[in-house]
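Chemist: Sending over run.cif (mmCIF, C-alpha atoms).
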```cif
data_input
loop_
_atom_site.group_PDB
_atom_site.id
_atom_site.type_symbol
_atom_site.label_atom_id
_atom_site.label_comp_id
_atom_site.auth_asym_id
_atom_site.auth_seq_id
_atom_site.Cartn_x
_atom_site.Cartn_y
_atom_site.Cartn_z
ATOM 1 C CA MET A 1 -3.974 10.419 13.506
ATOM 2 C CA LYS A 2 -0.895 8.265 13.309
ATOM 3 C CA PHE A 3 1.715 8.116 10.562
ATOM 4 C CA SER A 4 3.089 5.023 8.892
ATOM 5 C CA MET A 5 4.988 4.252 5.724
ATOM 6 C CA HIS A 6 5.314 1.438 3.233
ATOM 7 C CA ASN A 7 8.743 -0.044 2.648
ATOM 8 C CA TRP A 8 8.339 -1.672 -0.783
ATOM 9 C CA MET A 9 9.591 1.539 -2.451
ATOM 10 C CA ARG A 10 13.142 1.084 -1.142
ATOM 11 C CA PRO A 11 14.688 -2.418 -0.999
ATOM 12 C CA GLU A 12 16.942 -2.012 2.013
ATOM 13 C CA GLN A 13 17.452 -3.915 5.237
ATOM 14 C CA ILE A 14 14.400 -3.627 7.483
ATOM 15 C CA GLU A 15 16.427 -2.124 10.345
ATOM 16 C CA THR A 16 17.536 0.725 8.089
ATOM 17 C CA THR A 17 13.903 1.478 7.289
ATOM 18 C CA LEU A 18 12.733 1.288 10.891
ATOM 19 C CA GLU A 19 15.557 3.480 12.179
ATOM 20 C CA ARG A 20 14.638 6.153 9.626
ATOM 21 C CA LEU A 21 10.949 6.052 10.538
ATOM 22 C CA HIS A 22 11.820 6.367 14.229
ATOM 23 C CA ARG A 23 14.184 9.247 13.567
ATOM 24 C CA PHE A 24 11.552 11.295 11.778
ATOM 25 C CA GLY A 25 8.676 10.632 14.145
ATOM 26 C CA TYR A 26 6.582 8.036 12.363
ATOM 27 C CA ASP A 27 4.416 5.687 14.421
ATOM 28 C CA GLY A 28 4.666 2.540 12.366
ATOM 29 C CA ILE A 29 5.159 0.627 9.157
ATOM 30 C CA GLU A 30 2.824 -0.983 6.651
ATOM 31 C CA ILE A 31 5.149 -3.801 5.804
ATOM 32 C CA SER A 32 5.725 -5.124 2.309
ATOM 33 C CA GLY A 33 3.909 -8.355 1.520
ATOM 34 C CA ASP A 34 7.042 -10.475 1.251
ATOM 35 C CA PRO A 35 6.668 -13.028 4.067
ATOM 36 C CA VAL A 36 9.661 -15.116 3.013
ATOM 37 C CA LYS A 37 11.972 -12.123 3.478
ATOM 38 C CA TYR A 38 11.233 -11.502 7.131
ATOM 39 C CA ASN A 39 12.049 -13.258 10.359
ATOM 40 C CA THR A 40 9.057 -11.973 12.307
ATOM 41 C CA SER A 41 10.704 -12.516 15.693
ATOM 42 C CA GLU A 42 13.596 -10.304 14.630
ATOM 43 C CA VAL A 43 11.287 -7.701 13.099
ATOM 44 C CA ARG A 44 9.264 -7.578 16.341
ATOM 45 C CA ARG A 45 12.469 -6.989 18.267
ATOM 46 C CA LEU A 46 13.398 -4.140 15.940
ATOM 47 C CA LEU A 47 9.923 -2.631 16.161
ATOM 48 C CA ASP A 48 10.264 -2.573 19.936
ATOM 49 C CA GLN A 49 13.782 -1.162 19.712
ATOM 50 C CA TYR A 50 12.671 1.714 17.494
ATOM 51 C CA GLU A 51 9.365 2.267 19.309
ATOM 52 C CA LEU A 52 7.248 1.542 16.258
ATOM 53 C CA GLU A 53 4.217 -0.597 15.532
ATOM 54 C CA CYS A 54 3.290 -2.719 12.569
ATOM 55 C CA TRP A 55 0.121 -1.034 11.326
ATOM 56 C CA GLY A 56 -0.389 -3.820 8.809
ATOM 57 C CA GLY A 57 0.791 -5.086 5.467
ATOM 58 C CA VAL A 58 0.120 -4.790 1.746
ATOM 59 C CA THR A 59 0.082 -7.283 -1.105
ATOM 60 C CA ILE A 60 2.925 -7.007 -3.598
ATOM 61 C CA MET A 61 1.154 -8.141 -6.737
ATOM 62 C CA THR A 62 3.960 -9.062 -9.076
ATOM 63 C CA GLU A 63 3.535 -11.398 -12.035
ATOM 64 C CA GLY A 64 2.091 -14.742 -10.959
ATOM 65 C CA ARG A 65 -0.093 -13.224 -8.223
ATOM 66 C CA ASP A 66 -3.602 -12.662 -9.509
ATOM 67 C CA LEU A 67 -7.068 -13.580 -8.194
ATOM 68 C CA VAL A 68 -8.573 -13.177 -11.680
ATOM 69 C CA HIS A 69 -6.062 -15.201 -13.661
ATOM 70 C CA GLU A 70 -7.415 -17.707 -16.172
ATOM 71 C CA ASP A 71 -5.122 -20.371 -14.709
ATOM 72 C CA LYS A 72 -6.803 -21.856 -11.645
ATOM 73 C CA TYR A 73 -3.474 -22.670 -10.049
ATOM 74 C CA VAL A 74 -2.318 -19.055 -10.230
ATOM 75 C CA ARG A 75 -5.492 -18.117 -8.338
ATOM 76 C CA VAL A 76 -4.939 -20.872 -5.779
ATOM 77 C CA GLY A 77 -1.315 -19.796 -5.325
ATOM 78 C CA THR A 78 -2.392 -16.171 -4.882
ATOM 79 C CA VAL A 79 -4.805 -17.116 -2.106
ATOM 80 C CA ALA A 80 -1.997 -19.055 -0.400
ATOM 81 C CA TYR A 81 0.319 -16.056 -0.762
ATOM 82 C CA MET A 82 -2.257 -13.729 0.798
ATOM 83 C CA LYS A 83 -2.756 -16.116 3.705
ATOM 84 C CA ASP A 84 1.012 -16.101 4.307
ATOM 85 C CA CYS A 85 0.904 -12.290 4.381
ATOM 86 C CA ILE A 86 -1.872 -12.424 6.978
ATOM 87 C CA LYS A 87 0.167 -14.820 9.125
ATOM 88 C CA MET A 88 3.113 -12.402 8.958
ATOM 89 C CA ILE A 89 0.941 -9.418 9.878
ATOM 90 C CA ARG A 90 -0.561 -11.256 12.843
ATOM 91 C CA GLU A 91 2.860 -12.339 14.086
ATOM 92 C CA LEU A 92 3.888 -8.670 13.987
ATOM 93 C CA ASN A 93 0.712 -7.648 15.856
ATOM 94 C CA GLY A 94 -0.544 -5.760 12.807
ATOM 95 C CA LYS A 95 -4.192 -4.820 12.382
ATOM 96 C CA ILE A 96 -4.924 -4.359 8.689
ATOM 97 C CA PHE A 97 -4.177 -5.957 5.332
ATOM 98 C CA CYS A 98 -4.366 -3.932 2.132
ATOM 99 C CA VAL A 99 -5.308 -6.166 -0.802
ATOM 100 C CA VAL A 100 -4.888 -5.439 -4.502
ATOM 101 C CA PRO A 101 -6.780 -8.284 -6.192
ATOM 102 C CA SER A 102 -4.863 -8.511 -9.477
ATOM 103 C CA THR A 103 -1.334 -8.149 -10.823
ATOM 104 C CA VAL A 104 -0.168 -4.541 -10.800
ATOM 105 C CA GLY A 105 0.321 -3.452 -14.396
ATOM 106 C CA LYS A 106 -2.108 -6.005 -15.836
ATOM 107 C CA VAL A 107 -4.503 -3.910 -17.888
ATOM 108 C CA LYS A 108 -6.230 -6.512 -20.084
ATOM 109 C CA PRO A 109 -8.770 -9.060 -18.846
ATOM 110 C CA MET A 110 -8.480 -12.805 -19.412
ATOM 111 C CA ALA A 111 -12.176 -13.691 -19.189
ATOM 112 C CA THR A 112 -15.634 -12.143 -19.168
ATOM 113 C CA PRO A 113 -16.522 -9.608 -16.462
ATOM 114 C CA ALA A 114 -18.920 -12.092 -14.863
ATOM 115 C CA GLN A 115 -16.313 -14.860 -14.758
ATOM 116 C CA GLU A 116 -13.598 -12.607 -13.336
ATOM 117 C CA TRP A 117 -16.007 -11.228 -10.737
ATOM 118 C CA SER A 118 -16.848 -14.763 -9.672
ATOM 119 C CA TRP A 119 -13.152 -15.627 -9.352
ATOM 120 C CA VAL A 120 -12.229 -12.552 -7.315
ATOM 121 C CA VAL A 121 -15.192 -12.946 -4.951
ATOM 122 C CA GLU A 122 -14.413 -16.625 -4.434
ATOM 123 C CA GLY A 123 -10.743 -15.955 -3.699
ATOM 124 C CA LEU A 124 -11.359 -13.020 -1.401
ATOM 125 C CA LYS A 125 -13.964 -14.913 0.619
ATOM 126 C CA GLU A 126 -11.353 -17.558 1.426
ATOM 127 C CA VAL A 127 -8.740 -14.919 2.250
ATOM 128 C CA ALA A 128 -11.233 -12.935 4.358
ATOM 129 C CA ASP A 129 -12.242 -16.006 6.362
ATOM 130 C CA PHE A 130 -8.582 -16.604 7.133
ATOM 131 C CA ALA A 131 -8.116 -12.955 8.091
ATOM 132 C CA LEU A 132 -11.044 -13.112 10.509
ATOM 133 C CA GLU A 133 -9.477 -16.111 12.210
ATOM 134 C CA HIS A 134 -6.305 -14.054 12.708
ATOM 135 C CA ASN A 135 -8.030 -10.814 13.765
ATOM 136 C CA VAL A 136 -6.770 -8.863 10.742
ATOM 137 C CA ARG A 137 -9.085 -6.521 8.837
ATOM 138 C CA ILE A 138 -8.917 -6.558 5.038
ATOM 139 C CA GLY A 139 -9.301 -3.501 2.819
ATOM 140 C CA ILE A 140 -9.539 -3.614 -0.982
ATOM 141 C CA GLU A 141 -7.467 -0.923 -2.698
ATOM 142 C CA PRO A 142 -8.507 0.602 -6.032
ATOM 143 C CA LEU A 143 -5.570 1.489 -8.284
ATOM 144 C CA ASN A 144 -5.558 3.822 -11.256
ATOM 145 C CA ARG A 145 -6.411 2.698 -14.793
ATOM 146 C CA PHE A 146 -2.758 2.505 -15.820
ATOM 147 C CA GLU A 147 -2.075 -0.152 -13.170
ATOM 148 C CA THR A 148 -5.266 -2.210 -13.339
ATOM 149 C CA TYR A 149 -8.513 -2.607 -15.264
ATOM 150 C CA LEU A 150 -10.321 -4.372 -12.420
ATOM 151 C CA ILE A 151 -10.904 -2.142 -9.367
ATOM 152 C CA SER A 152 -10.069 1.516 -9.922
ATOM 153 C CA ARG A 153 -12.769 3.440 -8.016
ATOM 154 C CA HIS A 154 -14.132 3.487 -4.488
ATOM 155 C CA ASP A 155 -17.631 2.387 -5.586
ATOM 156 C CA GLN A 156 -16.189 -0.679 -7.324
ATOM 157 C CA ALA A 157 -14.173 -1.554 -4.219
ATOM 158 C CA LEU A 158 -17.267 -1.113 -2.035
ATOM 159 C CA ALA A 159 -19.309 -3.348 -4.342
ATOM 160 C CA LEU A 160 -16.666 -6.058 -4.158
ATOM 161 C CA ALA A 161 -16.402 -5.699 -0.390
ATOM 162 C CA ASP A 162 -20.188 -5.957 -0.073
ATOM 163 C CA GLU A 163 -20.282 -9.184 -2.061
ATOM 164 C CA VAL A 164 -17.393 -10.723 -0.115
ATOM 165 C CA GLY A 165 -18.848 -9.633 3.230
ATOM 166 C CA ARG A 166 -16.944 -10.784 6.319
ATOM 167 C CA GLY A 167 -16.168 -7.215 7.402
ATOM 168 C CA VAL A 168 -14.046 -6.447 4.338
ATOM 169 C CA GLY A 169 -13.538 -2.719 3.791
ATOM 170 C CA VAL A 170 -11.731 -0.373 1.424
ATOM 171 C CA VAL A 171 -8.286 1.218 1.298
ATOM 172 C CA LEU A 172 -8.037 4.561 -0.504
ATOM 173 C CA ASP A 173 -4.868 6.054 -1.926
ATOM 174 C CA ALA A 174 -4.665 9.818 -2.437
ATOM 175 C CA PHE A 175 -2.663 9.427 -5.648
ATOM 176 C CA HIS A 176 -5.029 6.934 -7.265
ATOM 177 C CA ILE A 177 -8.265 8.693 -6.300
ATOM 178 C CA ASN A 178 -6.889 11.943 -7.684
ATOM 179 C CA ILE A 179 -6.763 10.229 -11.097
ATOM 180 C CA GLU A 180 -9.910 8.127 -11.047
ATOM 181 C CA GLU A 181 -12.516 9.845 -8.874
ATOM 182 C CA VAL A 182 -14.670 12.749 -10.037
ATOM 183 C CA ASP A 183 -14.283 14.186 -6.535
ATOM 184 C CA PRO A 184 -11.615 12.597 -4.299
ATOM 185 C CA LEU A 185 -13.064 14.085 -1.115
ATOM 186 C CA ALA A 186 -16.528 12.804 -2.006
ATOM 187 C CA ALA A 187 -14.995 9.343 -2.505
ATOM 188 C CA ILE A 188 -13.601 9.481 1.030
ATOM 189 C CA ARG A 189 -17.004 10.533 2.396
ATOM 190 C CA ALA A 190 -18.815 7.801 0.464
ATOM 191 C CA THR A 191 -16.437 5.172 1.812
ATOM 192 C CA GLY A 192 -17.081 6.429 5.332
ATOM 193 C CA ASP A 193 -16.576 3.949 8.148
ATOM 194 C CA ARG A 194 -15.647 1.259 5.609
ATOM 195 C CA LEU A 195 -12.252 2.973 5.233
ATOM 196 C CA VAL A 196 -9.589 0.613 6.580
ATOM 197 C CA ASP A 197 -6.425 2.502 5.614
ATOM 198 C CA PHE A 198 -5.453 5.692 3.763
ATOM 199 C CA HIS A 199 -2.308 5.932 1.621
ATOM 200 C CA VAL A 200 -0.740 9.329 1.125
ATOM 201 C CA ALA A 201 1.288 10.833 -1.697
ATOM 202 C CA ASP A 202 0.717 14.066 -3.547
ATOM 203 C CA ASN A 203 -1.063 14.343 -6.907
ATOM 204 C CA ASN A 204 2.266 13.640 -8.679
ATOM 205 C CA ARG A 205 3.019 10.749 -6.276
ATOM 206 C CA LYS A 206 5.822 12.697 -4.648
ATOM 207 C CA PRO A 207 5.905 13.342 -0.882
ATOM 208 C CA CYS A 208 2.987 15.288 0.529
ATOM 209 C CA GLY A 209 3.502 19.002 -0.016
ATOM 210 C CA GLN A 210 5.367 18.608 -3.290
ATOM 211 C CA GLY A 211 2.266 18.723 -5.464
ATOM 212 C CA SER A 212 -1.094 20.458 -5.646
ATOM 213 C CA TYR A 213 -3.177 18.520 -3.102
ATOM 214 C CA ASP A 214 -5.066 20.488 -0.451
ATOM 215 C CA TRP A 215 -3.963 18.383 2.503
ATOM 216 C CA GLN A 216 -5.957 20.407 5.001
ATOM 217 C CA ALA A 217 -9.110 19.476 3.100
ATOM 218 C CA VAL A 218 -8.065 15.814 2.940
ATOM 219 C CA VAL A 219 -7.336 15.580 6.661
ATOM 220 C CA ASN A 220 -10.529 17.441 7.547
ATOM 221 C CA THR A 221 -12.553 15.008 5.431
ATOM 222 C CA LEU A 222 -10.919 12.014 7.103
ATOM 223 C CA LYS A 223 -11.788 13.492 10.487
ATOM 224 C CA GLU A 224 -15.326 14.160 9.285
ATOM 225 C CA ILE A 225 -15.913 10.448 8.593
ATOM 226 C CA GLY A 226 -14.296 9.452 11.890
ATOM 227 C CA TYR A 227 -11.236 7.790 10.398
ATOM 228 C CA ASP A 228 -8.816 6.990 13.210
ATOM 229 C CA GLY A 229 -6.296 4.814 11.366
ATOM 230 C CA HIS A 230 -2.903 5.702 9.956
ATOM 231 C CA LEU A 231 -1.857 7.995 7.139
ATOM 232 C CA THR A 232 0.467 5.621 5.314
ATOM 233 C CA ALA A 233 3.102 7.224 3.089
ATOM 234 C CA GLU A 234 3.441 5.616 -0.338
ATOM 235 C CA PHE A 235 5.266 8.196 -2.385
ATOM 236 C CA VAL A 236 7.703 7.321 -5.145
ATOM 237 C CA ILE A 237 10.397 9.602 -6.471
ATOM 238 C CA PRO A 238 11.410 9.277 -10.119
ATOM 239 C CA VAL A 239 15.052 9.475 -11.087
ATOM 240 C CA ASP A 240 15.574 12.358 -13.499
ATOM 241 C CA ARG A 241 17.720 11.137 -16.375
ATOM 242 C CA THR A 242 17.922 14.506 -18.124
ATOM 243 C CA PRO A 243 20.419 17.372 -17.711
ATOM 244 C CA LEU A 244 17.948 18.908 -15.231
ATOM 245 C CA ALA A 245 18.680 16.180 -12.684
ATOM 246 C CA LYS A 246 19.480 17.216 -9.138
ATOM 247 C CA SER A 247 19.977 13.658 -7.912
ATOM 248 C CA PHE A 248 20.972 10.442 -9.587
ATOM 249 C CA GLU A 249 20.265 6.756 -9.151
ATOM 250 C CA LYS A 250 22.390 5.336 -6.369
ATOM 251 C CA ARG A 251 22.379 1.872 -4.880
ATOM 252 C CA GLU A 252 23.463 1.851 -1.259
ATOM 253 C CA ASP A 253 25.486 -0.951 0.307
ATOM 254 C CA ASP A 254 22.590 -2.085 2.511
ATOM 255 C CA MET A 255 20.142 -2.568 -0.345
ATOM 256 C CA GLU A 256 18.856 -6.090 -0.877
ATOM 257 C CA PHE A 257 16.786 -6.710 -3.970
ATOM 258 C CA THR A 258 16.160 -9.092 -6.815
ATOM 259 C CA ALA A 259 15.672 -8.156 -10.437
ATOM 260 C CA ALA A 260 11.914 -8.527 -9.846
ATOM 261 C CA ASP A 261 12.079 -6.107 -6.897
ATOM 262 C CA LEU A 262 13.825 -3.486 -8.992
ATOM 263 C CA LYS A 263 11.428 -3.945 -11.891
ATOM 264 C CA PHE A 264 8.447 -3.452 -9.563
ATOM 265 C CA ILE A 265 9.923 -0.210 -8.233
ATOM 266 C CA GLN A 266 10.825 1.082 -11.680
ATOM 267 C CA ASP A 267 7.415 0.136 -13.070
ATOM 268 C CA HIS A 268 5.893 2.429 -10.452
ATOM 269 C CA GLY A 269 7.823 5.358 -11.873
ATOM 270 C CA SER A 270 10.555 5.417 -9.265
ATOM 271 C CA GLY A 271 14.198 4.523 -8.893
ATOM 272 C CA LEU A 272 16.874 4.155 -6.255
ATOM 273 C CA ILE A 273 17.975 7.544 -5.018
ATOM 274 C CA SER A 274 20.620 8.291 -2.405
ATOM 275 C CA ALA A 275 19.931 7.657 1.253
ATOM 276 C CA ALA A 276 20.281 11.383 1.999
ATOM 277 C CA ASP A 277 17.680 12.308 -0.624
ATOM 278 C CA TYR A 278 15.343 9.593 0.614
ATOM 279 C CA ASP A 279 15.761 10.733 4.216
ATOM 280 C CA LYS A 280 14.766 14.249 3.226
ATOM 281 C CA ALA A 281 11.687 13.032 1.381
ATOM 282 C CA VAL A 282 10.554 10.908 4.338
ATOM 283 C CA GLU A 283 11.068 13.843 6.720
ATOM 284 C CA ASP A 284 9.381 16.390 4.444
ATOM 285 C CA ASN A 285 6.348 14.131 4.023
ATOM 286 C CA ILE A 286 5.527 13.786 7.711
ATOM 287 C CA ASN A 287 6.371 17.399 8.539
ATOM 288 C CA HIS A 288 3.925 18.604 5.911
ATOM 289 C CA LEU A 289 1.105 16.343 7.106
ATOM 290 C CA LYS A 290 1.617 17.265 10.757
ATOM 291 C CA LYS A 291 0.713 20.857 9.917
ATOM 292 C CA TYR A 292 -2.858 19.766 9.296
ATOM 293 C CA SER A 293 -3.485 16.791 11.567
#
```
So that I can check it, write out the structure of this file as structure tokens.

Modeler:
Amino acid sequence: MKFSMHNWMRPEQIETTLERLHRFGYDGIEISGDPVKYNTSEVRRLLDQYELECWGGVTIMTEGRDLVHEDKYVRVGTVAYMKDCIKMIRELNGKIFCVVPSTVGKVKPMATPAQEWSWVVEGLKEVADFALEHNVRIGIEPLNRFETYLISRHDQALALADEVGRGVGVVLDAFHINIEEVDPLAAIRATGDRLVDFHVADNNRKPCGQGSYDWQAVVNTLKEIGYDGHLTAEFVIPVDRTPLAKSFEKREDDMEFTAADLKFIQDHGSGLISAADYDKAVEDNINHLKKYS
């Protein structure tokens, strides 16, 4: 198996991220779905320089991005946004696109289940057609109930993928399935060869090895179903604001973020820790997983 990492969790210059991943032995990046931020020619040069690949990309579903919004023009804009992400992934020679269909943190519907299902199927069919044209495989990611009401289990994601067709699969995240699935390993088995991508963080969403997950069992199950994609790190580290804190929020000079970026990170239960602490977390994560892969 190969090892990748998201970069939405830390709003720094892309070269800083890629240098770190190279230093600690990662194979690639699952790049944040922010097409306007990246000059793909420059990112390709940096990927070559640091001997990394773009595994794919992931939607960043902030407010105003939602395939089940009651406003038609929000849905239309979301489809356009997803197409731009696919263009970016293709220009970076990426292979997969992880799609969250609705705004992260939106936990109340705007219409009936039937109407919202119709909207999400319609939007994803258009996005999936575009992805096929660009040789990018889509996977639908279930989130936990505190981040979405729409798709929170593997069977729901499979049902949506089946209705969309066009080779759409599923992305599973160890953190989310630990909350929502009766049996996380059974969810992996049931997804089987429809698994497009697998996100890793421990049960507490910290780096692998800092929680209670049995990572040997997880890796063995992925091998059992023949998964040959990447293990994509998506841990977040909360900033302790109590007297027990061992590290504090610190914004490095090379960080580049808007207020919306910071809100998205903080809403996921994280913060901006020092570069040294982040380095250690990135290193600890891959070293723990390599014991079992």

Chemist: List every residue of region 94-119 of chain A that has an atom at most 10 Å from any atom of region 75-79 of chain A, giving for each one its closest atom pair and the distance in Å to one decimal, counting all atoms listed in the file, sorted by chain and then by ascending residue number, as a Markdown table.

Modeler:
```
| residue | atom | partner | partner_atom | distance |
| --- | --- | --- | --- | --- |
| A:Pro101 | CA | A:Thr78 | CA | 9.1 |
| A:Ser102 | CA | A:Thr78 | CA | 9.3 |
| A:Trp119 | CA | A:Arg75 | CA | 8.1 |
```

Chemist: Quick one: everything within 8 Å of region 277-292 of chain A, counting only C-alpha atoms, minus sequence neighbours fewer than 4 positions away in the same chain. Send it as a list in words.

Modeler: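 My reading of the contact set: Phe3, Arg20, Leu21, Phe24, Gly25, Tyr26, Pro207, Cys208, Gly209, Trp215, Gln216, Val219, Ala233, Ser247 and Ile273 of chain A.
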
Chemist: Determine, counting all atoms listed in the file, which protein, DNA and RNA residues have an atom within 10 Å of an atom of Glu42 (chain A); residues of the same chain fewer than 6 positions away are not included. Present the result as a VMD selection string.

Modeler: chain A and resid 14 to 15 48 92

Chemist: Starting from the shown file, work through the PyMOL selection byres ((chain A and resi 145-162) around 7) and note down what comes out as an MDAnalysis selection string.

Modeler: chainID A and resid 104:108 140:144 163:165 168:170 180:181 187 191

Chemist: Write a file of the selected residues as an mmCIF file, in the frame of the given file, keeping C-alpha atoms.

Modeler:
```
data_model
loop_
_atom_site.group_PDB
_atom_site.id
_atom_site.type_symbol
_atom_site.label_atom_id
_atom_site.label_comp_id
_atom_site.auth_asym_id
_atom_site.auth_seq_id
_atom_site.Cartn_x
_atom_site.Cartn_y
_atom_site.Cartn_z
ATOM 1 C CA VAL A 104 -0.168 -4.541 -10.800
ATOM 2 C CA GLY A 105 0.321 -3.452 -14.396
ATOM 3 C CA LYS A 106 -2.108 -6.005 -15.836
ATOM 4 C CA VAL A 107 -4.503 -3.910 -17.888
ATOM 5 C CA LYS A 108 -6.230 -6.512 -20.084
ATOM 6 C CA ILE A 140 -9.539 -3.614 -0.982
ATOM 7 C CA GLU A 141 -7.467 -0.923 -2.698
ATOM 8 C CA PRO A 142 -8.507 0.602 -6.032
ATOM 9 C CA LEU A 143 -5.570 1.489 -8.284
ATOM 10 C CA ASN A 144 -5.558 3.822 -11.256
ATOM 11 C CA GLU A 163 -20.282 -9.184 -2.061
ATOM 12 C CA VAL A 164 -17.393 -10.723 -0.115
ATOM 13 C CA GLY A 165 -18.848 -9.633 3.230
ATOM 14 C CA VAL A 168 -14.046 -6.447 4.338
ATOM 15 C CA GLY A 169 -13.538 -2.719 3.791
ATOM 16 C CA VAL A 170 -11.731 -0.373 1.424
ATOM 17 C CA GLU A 180 -9.910 8.127 -11.047
ATOM 18 C CA GLU A 181 -12.516 9.845 -8.874
ATOM 19 C CA ALA A 187 -14.995 9.343 -2.505
ATOM 20 C CA THR A 191 -16.437 5.172 1.812
#
```

Chemist: Apply the PyMOL selection byres ((chain A and resi 89) around 9) to the structure shown and report the selected residues as a PDB file with C-alpha atoms, in the coordinates of the input.

Modeler:
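Listed below is the output, result_14.pdb:
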```pdb
ATOM      1  CA  ILE A  31       5.149  -3.801   5.804  1.00  0.00           C
ATOM      2  CA  GLY A  33       3.909  -8.355   1.520  1.00  0.00           C
ATOM      3  CA  PRO A  35       6.668 -13.028   4.067  1.00  0.00           C
ATOM      4  CA  THR A  40       9.057 -11.973  12.307  1.00  0.00           C
ATOM      5  CA  CYS A  54       3.290  -2.719  12.569  1.00  0.00           C
ATOM      6  CA  TRP A  55       0.121  -1.034  11.326  1.00  0.00           C
ATOM      7  CA  GLY A  56      -0.389  -3.820   8.809  1.00  0.00           C
ATOM      8  CA  GLY A  57       0.791  -5.086   5.467  1.00  0.00           C
ATOM      9  CA  ASP A  84       1.012 -16.101   4.307  1.00  0.00           C
ATOM     10  CA  CYS A  85       0.904 -12.290   4.381  1.00  0.00           C
ATOM     11  CA  ILE A  86      -1.872 -12.424   6.978  1.00  0.00           C
ATOM     12  CA  LYS A  87       0.167 -14.820   9.125  1.00  0.00           C
ATOM     13  CA  MET A  88       3.113 -12.402   8.958  1.00  0.00           C
ATOM     14  CA  ARG A  90      -0.561 -11.256  12.843  1.00  0.00           C
ATOM     15  CA  GLU A  91       2.860 -12.339  14.086  1.00  0.00           C
ATOM     16  CA  LEU A  92       3.888  -8.670  13.987  1.00  0.00           C
ATOM     17  CA  ASN A  93       0.712  -7.648  15.856  1.00  0.00           C
ATOM     18  CA  GLY A  94      -0.544  -5.760  12.807  1.00  0.00           C
ATOM     19  CA  LYS A  95      -4.192  -4.820  12.382  1.00  0.00           C
ATOM     20  CA  ILE A  96      -4.924  -4.359   8.689  1.00  0.00           C
ATOM     21  CA  PHE A  97      -4.177  -5.957   5.332  1.00  0.00           C
ATOM     22  CA  VAL A 136      -6.770  -8.863  10.742  1.00  0.00           C
TER      23      VAL A 136
END
```

Chemist: Under the rule that only C-alpha atoms are counted, which of A:Ala275, A:Trp117, A:Ile29, A:Thr62 is the nearest residue to Glu252 (chain A)?

Modeler: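 Closest candidate: A:Ala275.
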
Chemist: Taking into account all atoms listed in the file, which residue in the set A:Ala128, A:Met5, A:Leu262, A:Leu195 is nearest to His22 (chain A)?

Modeler: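 For His22 (chain A), the nearest of the given residues is A:Met5.
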
Chemist: Please report the interatomic distance between CA of Tyr227 (chain A) and CA of His134 (chain A) in Å with one decimal.

Modeler: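 Separation of CA of Tyr227 (chain A) and CA of His134 (chain A): 22.5 Å.
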
Chemist: Env of Val74 (chain A): 12 Å cut, atoms = only C-alpha atoms, seq-sep filter 3 positions within chain, self excluded. Answer as a count of residues only.

Modeler: 20

Chemist: For the file shown, report as a list in words the outcome of the PyMOL selection byres ((chain A and resi 174) around 10) at residue level.

Modeler: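 Applying the PyMOL selection byres ((chain A and resi 174) around 10) to the structure shown produces Leu172, Asp173, Phe175, His176, Ile177, Asn178, Ile179, Pro184, Leu185, Ile188, Phe198, His199, Val200, Ala201, Asp202, Asn203, Arg205, Cys208, Tyr213, Trp215, Val218, Ala233 and Glu234 of chain A.
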
Chemist: From the options A:Glu116, A:Glu30, A:Asp129, A:Glu19, which residue's atoms come nearest to Val58 (chain A), counting all atoms listed in the file?

Modeler: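 Ranked by minimum distance to Val58 (chain A), first place goes to A:Glu30.
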
Chemist: Which value, in Å to one decimal, gives the distance between CA of Asn7 (chain A) and CA of Met255 (chain A)?

Modeler: 12.1 Å

Chemist: CA of Gly226 (chain A) to CA of Val196 (chain A): how many Å, to one decimal?

Modeler: 11.3 Å
